[in-house]
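Asks: Questions regarding the structure given below will be posed in turn.
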Amino acid sequence: ERRDGEGRIAWLEQALAGSAKDLEPQSAAAAAATEQYRALLARVNALAPARSAFVERVRAELGDRPGVAFAGDRVVLETDPLFAGRHTMRLTREGEARLGAVARALAATVGQVPADAAWVLRVEDYTDAAPPRAESAFRSNRALSAGRAAAAAEYLAGQGVAEDRLSAVAMGAARPLEAGATAGGGRHERRLEIGLAPAEAAAEGGGQPAAPAG
């Protein structure tokens, strides 16, 4: 019985040692992911003063206009006033004016970005949940979103924002502002969200990079 007990103990020790060895790669991966998150968070924090200043500059120009809101360090522009129709990429004069204010705000605050920071102006387009009409040139909300994000980024580039500092992201109907939003959506769901972000985060968040407009 003693030998049998010693054998069982030896078997358990071997099994535990094997399990610990199997867990080593998972532990290493978790540690690497944690380190990457901390590094990204540090880069986000380094941008914080410039992000806040950017939002305040836009607020000073557009804060009293309908369809303009601010969510933390992002500027939120409803797209109904920006585009000439719910399924087009053509900007209205009001849309050009509002995006022009965004470009001026960036130009006024970019000096606050640390010299060694890799950053972009992230332009996210969101739609409501209603599918595009049959006569629309877009087959899906994601495609419509991609076109509008690219059109907005293209206009910002024309206003002096460096193209390599622009990230146009199609979010489609993702992340509705109101939980359980219906297909009818609402004008608040149709929006651009614009803000400074670390360059490596340019295409994160469930969106897809948008191809250039045109």
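Starting from 1 in every chain, residues are counted up; chains themselves are A, B, ... following the order of the structure tokens, and ligands are numbered from 1 as listed.
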Find the spatial neighbours of region 103-117 of chain A, counting only C-alpha atoms, within a cut-off of 9 Å - ignore same-chain residues fewer than 3 positions away - and output them as a tab-separated table (two decimals) with N, CA, C and O atoms, in the first residue's frame.

Replies:
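Writing the result to result.tsv gives the following:
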chain	number	residue	atom	x	y	z
A	43	ARG	N	0.33	55.83	-24.41
A	43	ARG	CA	0.30	56.69	-25.60
A	43	ARG	C	-1.01	57.49	-25.66
A	43	ARG	O	-1.03	58.64	-26.09
A	46	ALA	N	-0.65	60.28	-23.23
A	46	ALA	CA	0.25	61.32	-23.74
A	46	ALA	C	-0.48	62.28	-24.67
A	46	ALA	O	-0.14	63.46	-24.77
A	47	LEU	N	-1.53	61.78	-25.34
A	47	LEU	CA	-2.31	62.62	-26.26
A	47	LEU	C	-3.40	63.41	-25.55
A	47	LEU	O	-4.03	64.28	-26.16
A	48	ALA	N	-3.65	63.09	-24.27
A	48	ALA	CA	-4.80	63.65	-23.56
A	48	ALA	C	-4.89	65.18	-23.62
A	48	ALA	O	-5.97	65.73	-23.92
A	49	PRO	N	-3.81	65.93	-23.35
A	49	PRO	CA	-3.94	67.40	-23.41
A	49	PRO	C	-4.34	67.90	-24.80
A	49	PRO	O	-5.20	68.78	-24.92
A	50	ALA	N	-3.75	67.33	-25.85
A	50	ALA	CA	-4.09	67.76	-27.20
A	50	ALA	C	-5.51	67.35	-27.55
A	50	ALA	O	-6.23	68.11	-28.23
A	51	ARG	N	-5.95	66.20	-27.12
A	51	ARG	CA	-7.31	65.74	-27.41
A	51	ARG	C	-8.33	66.68	-26.78
A	51	ARG	O	-9.32	67.06	-27.41
A	53	ALA	N	-7.83	69.82	-25.86
A	53	ALA	CA	-7.73	71.13	-26.50
A	53	ALA	C	-8.43	71.14	-27.85
A	53	ALA	O	-9.10	72.12	-28.22
A	54	PHE	N	-8.31	70.05	-28.59
A	54	PHE	CA	-8.97	69.93	-29.89
A	54	PHE	C	-10.48	70.03	-29.74
A	54	PHE	O	-11.15	70.80	-30.45
A	55	VAL	N	-11.02	69.28	-28.79
A	55	VAL	CA	-12.47	69.29	-28.57
A	55	VAL	C	-12.93	70.69	-28.16
A	55	VAL	O	-13.96	71.18	-28.64
A	56	GLU	N	-12.19	71.36	-27.30
A	56	GLU	CA	-12.59	72.69	-26.83
A	56	GLU	C	-12.55	73.71	-27.97
A	56	GLU	O	-13.38	74.62	-28.02
A	57	ARG	N	-11.60	73.55	-28.88
A	57	ARG	CA	-11.54	74.45	-30.04
A	57	ARG	C	-12.77	74.29	-30.92
A	57	ARG	O	-13.35	75.26	-31.40
A	58	VAL	N	-13.15	73.04	-31.16
A	58	VAL	CA	-14.34	72.79	-31.97
A	58	VAL	C	-15.58	73.30	-31.24
A	58	VAL	O	-16.48	73.90	-31.85
A	61	GLU	N	-16.29	76.92	-31.75
A	61	GLU	CA	-16.84	77.31	-33.05
A	61	GLU	C	-18.23	76.75	-33.31
A	61	GLU	O	-19.08	77.41	-33.91
A	98	ARG	N	-18.65	72.82	-41.08
A	98	ARG	CA	-18.39	72.10	-39.82
A	98	ARG	C	-17.08	71.32	-39.89
A	98	ARG	O	-16.30	71.32	-38.92
A	99	LEU	N	-16.80	70.69	-41.00
A	99	LEU	CA	-15.53	69.99	-41.13
A	99	LEU	C	-14.37	70.97	-41.22
A	99	LEU	O	-13.26	70.68	-40.76
A	100	GLY	N	-14.63	72.14	-41.80
A	100	GLY	CA	-13.61	73.18	-41.81
A	100	GLY	C	-13.23	73.61	-40.40
A	100	GLY	O	-12.05	73.84	-40.10
A	121	LEU	N	-5.94	61.52	-36.80
A	121	LEU	CA	-7.28	62.05	-36.56
A	121	LEU	C	-8.24	60.97	-37.05
A	121	LEU	O	-8.36	60.73	-38.26
A	156	LEU	N	-11.23	66.98	-45.23
A	156	LEU	CA	-10.29	67.45	-44.22
A	156	LEU	C	-8.88	67.54	-44.81
A	156	LEU	O	-8.13	68.48	-44.51
A	157	ALA	N	-8.52	66.58	-45.66
A	157	ALA	CA	-7.22	66.65	-46.32
A	157	ALA	C	-7.11	67.90	-47.19
A	157	ALA	O	-6.07	68.56	-47.24
A	159	GLN	N	-8.43	70.61	-46.57
A	159	GLN	CA	-8.35	71.76	-45.66
A	159	GLN	C	-7.01	71.81	-44.93
A	159	GLN	O	-6.85	72.60	-44.00
A	160	GLY	N	-6.07	70.98	-45.35
A	160	GLY	CA	-4.72	71.07	-44.80
A	160	GLY	C	-4.31	69.97	-43.85
A	160	GLY	O	-3.17	69.96	-43.37
A	161	VAL	N	-5.21	69.04	-43.53
A	161	VAL	CA	-4.83	67.93	-42.65
A	161	VAL	C	-4.03	66.92	-43.48
A	161	VAL	O	-4.47	66.48	-44.54
A	196	LEU	N	-8.60	62.63	-31.81
A	196	LEU	CA	-7.22	62.19	-31.91
A	196	LEU	C	-7.06	60.81	-31.29
A	196	LEU	O	-7.68	60.51	-30.26
A	198	PRO	N	-4.04	57.28	-30.94
A	198	PRO	CA	-2.73	56.71	-31.31
A	198	PRO	C	-2.83	56.04	-32.67
A	198	PRO	O	-3.85	55.44	-33.00
A	199	ALA	N	-1.77	56.13	-33.44
A	199	ALA	CA	-1.82	55.59	-34.81
A	199	ALA	C	-2.12	54.10	-34.83
A	199	ALA	O	-2.83	53.61	-35.70

Asks: Looking only at the backbone, which of the residues in chain A does DSSP tag as strand (DSSP E), as a PyMOL selection string?

Replies: chain A and resi 68-71+74-78+119-126+166-172+191-198+208-209

Asks: Output C-alpha atoms for every residue in the selection just made, as a PDB file, in the first residue's frame.

Replies:
ATOM      1  CA  VAL A  68     -23.210  68.959 -32.752  1.00  0.00           C
ATOM      2  CA  ALA A  69     -22.282  67.163 -29.528  1.00  0.00           C
ATOM      3  CA  PHE A  70     -19.204  66.179 -27.569  1.00  0.00           C
ATOM      4  CA  ALA A  71     -18.537  62.781 -26.019  1.00  0.00           C
ATOM      5  CA  ARG A  74     -14.543  63.181 -29.421  1.00  0.00           C
ATOM      6  CA  VAL A  75     -16.510  65.569 -31.558  1.00  0.00           C
ATOM      7  CA  VAL A  76     -19.870  64.134 -32.661  1.00  0.00           C
ATOM      8  CA  LEU A  77     -21.445  65.572 -35.809  1.00  0.00           C
ATOM      9  CA  GLU A  78     -24.827  64.336 -36.972  1.00  0.00           C
ATOM     10  CA  TRP A 119      -1.153  59.772 -33.893  1.00  0.00           C
ATOM     11  CA  VAL A 120      -4.044  60.124 -36.325  1.00  0.00           C
ATOM     12  CA  LEU A 121      -7.284  62.048 -36.562  1.00  0.00           C
ATOM     13  CA  ARG A 122      -9.766  59.178 -36.468  1.00  0.00           C
ATOM     14  CA  VAL A 123     -12.961  59.819 -38.441  1.00  0.00           C
ATOM     15  CA  GLU A 124     -15.655  57.242 -37.700  1.00  0.00           C
ATOM     16  CA  ASP A 125     -18.936  57.181 -39.593  1.00  0.00           C
ATOM     17  CA  TYR A 126     -22.047  55.556 -38.098  1.00  0.00           C
ATOM     18  CA  LEU A 166      -6.201  60.739 -41.256  1.00  0.00           C
ATOM     19  CA  SER A 167      -7.916  57.456 -40.457  1.00  0.00           C
ATOM     20  CA  ALA A 168     -11.369  56.988 -41.995  1.00  0.00           C
ATOM     21  CA  VAL A 169     -13.258  54.121 -40.347  1.00  0.00           C
ATOM     22  CA  ALA A 170     -16.604  52.617 -41.363  1.00  0.00           C
ATOM     23  CA  MET A 171     -18.625  51.643 -38.305  1.00  0.00           C
ATOM     24  CA  GLY A 172     -21.979  51.069 -40.021  1.00  0.00           C
ATOM     25  CA  ARG A 191     -23.146  60.638 -37.130  1.00  0.00           C
ATOM     26  CA  LEU A 192     -19.425  61.202 -37.442  1.00  0.00           C
ATOM     27  CA  GLU A 193     -17.242  60.815 -34.375  1.00  0.00           C
ATOM     28  CA  ILE A 194     -13.890  62.555 -34.713  1.00  0.00           C
ATOM     29  CA  GLY A 195     -10.950  62.631 -32.335  1.00  0.00           C
ATOM     30  CA  LEU A 196      -7.217  62.194 -31.913  1.00  0.00           C
ATOM     31  CA  ALA A 197      -6.023  58.620 -31.406  1.00  0.00           C
ATOM     32  CA  PRO A 198      -2.733  56.711 -31.309  1.00  0.00           C
ATOM     33  CA  GLN A 208     -13.131  48.836 -41.019  1.00  0.00           C
ATOM     34  CA  PRO A 209     -10.706  51.236 -42.727  1.00  0.00           C
TER      35      PRO A 209
END

Asks: Can you list, as a VMD selection string, all residues belonging to region 10-141 of chain A that DSSP tags as alpha helix (DSSP H)?

Replies: chain A and resid 10 to 62 93 to 109 141

Asks: At what distance in Å, to one decimal, does CA of Asn45 (chain A) lie from CA of Ala30 (chain A)?

Replies: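 So the answer is 22.4 Å.
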